[in-house]
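**Student:** One structure coming up, written as structure tokens, with questions to follow.
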Amino acid sequence: MSAEPRINDRIRVPEVRLVGPSGEQVGIVPLAKALELAQEYDLDLVEVAANARPPVCKLMDYGKFKYESAMKAREARKNQAHTVIKEMKLRPKIDPHDYDTKKGHVVRFLKQGDKVKITIMFRGREQSRPELGYRLLQRLAEDVQDLGFVESNPKQDGRNMIMVLGPHKKKTEAMAEARQAQEARKASAKAHPGRSQNPADTDAEAAAEEPAEA
């Protein structure tokens, strides 16, 4: 069965409860009169409540209505927040540089509003030292506590130990902030054409513009 409403000559009832172009209640009128008014306004007669007695019909530009509805649905899908679980794998004896790199990725994921599954991979004799993985997970959780929280406590899973971090920010909030930051950068670039948007470069330009001391 089609989800499209009946319009104009496809409406087959003797009378309708008519709603005007601005939402005003016209009242119950014969179908012929409703179609006549639609022609006068250069609009369509659209059945908006087929199960009412009599059916409710409205005068509108149906083509424009369909287009605007499609655009709203598209925008809603675009802004819909999808929960994403990222994964980061570490070794229990990770070196400081690698740890900082991995932590940086976790920070970025949490800022984006995504959950992060942290997996500690044990090999060989490391499997007899689960406390190494536990301490590493605790350390990471403390390092990113401003951005996320422990949603699932560390637990052993075969040769691995797993913990899940959840973001403090909702996905929708993170997406909105990202859009605002992007718009701010665009506005700044438009206001200062040719000027770098890199903070370090901007500071260097400002320093170069300062007059030299006598």
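Residue names in the structure tokens use chain letters A, B, ... in the order shown, residue numbers from 1 in each chain, and ligand numbers from 1 in the order shown.
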Write out as JSON lines a residue-level contact list of region 42-119 of chain A versus region 138-152 of chain A with cut-off 8 Å: for each qualifying residue the closest pair of atoms and the distance in Å to one decimal, counting only C-alpha atoms, rows sorted by chain and residue number upward.

**Tutor:**
```
{"residue": "A:Lys103", "atom": "CA", "partner": "A:Leu140", "partner_atom": "CA", "distance": 7.1}
{"residue": "A:Val107", "atom": "CA", "partner": "A:Val144", "partner_atom": "CA", "distance": 6.7}
{"residue": "A:Leu110", "atom": "CA", "partner": "A:Leu147", "partner_atom": "CA", "distance": 6.1}
{"residue": "A:Lys111", "atom": "CA", "partner": "A:Leu147", "partner_atom": "CA", "distance": 6.7}
```

**Student:** Would you mind listing what lies within 12 Å of Arg10 (chain A) as a list in words, with only C-alpha atoms counted and same-chain residues fewer than 5 positions away left out?

**Tutor:**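 With the cut-off at 12 Å, the set is Glu4, Pro5, Leu31, Leu35, Asp44, Leu45, Val46 and Glu47 of chain A.
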
**Student:** Could you pull out all residues of region 19-133 of chain A with a DSSP call of strand (DSSP E) and give them as a count of residues only?

**Tutor:** 31

**Student:** My list of candidates is A:Glu126, A:Leu165, A:Gly23, A:Glu131. Which is closest to Met88 (chain A) when distances are computed with only C-alpha atoms?

**Tutor:**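 Under the stated criterion, the closest residue is A:Leu165.
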
**Student:** Which polymer residues have any atom within 12 Å of an atom of region 52-58 of chain A, counting only C-alpha atoms, with same-chain residues fewer than 2 positions away left out, as a VMD selection string?

**Tutor:** chain A and resid 5 to 8 11 to 31 34 to 35 37 to 38 41 43 to 50 60 to 62 65

**Student:** Can you list, as a ChimeraX atom specification, all residues belonging to region 61-199 of chain A that DSSP tags as alpha helix (DSSP H)?

**Tutor:** /A:62-79,96-111,130-143,171-191,199
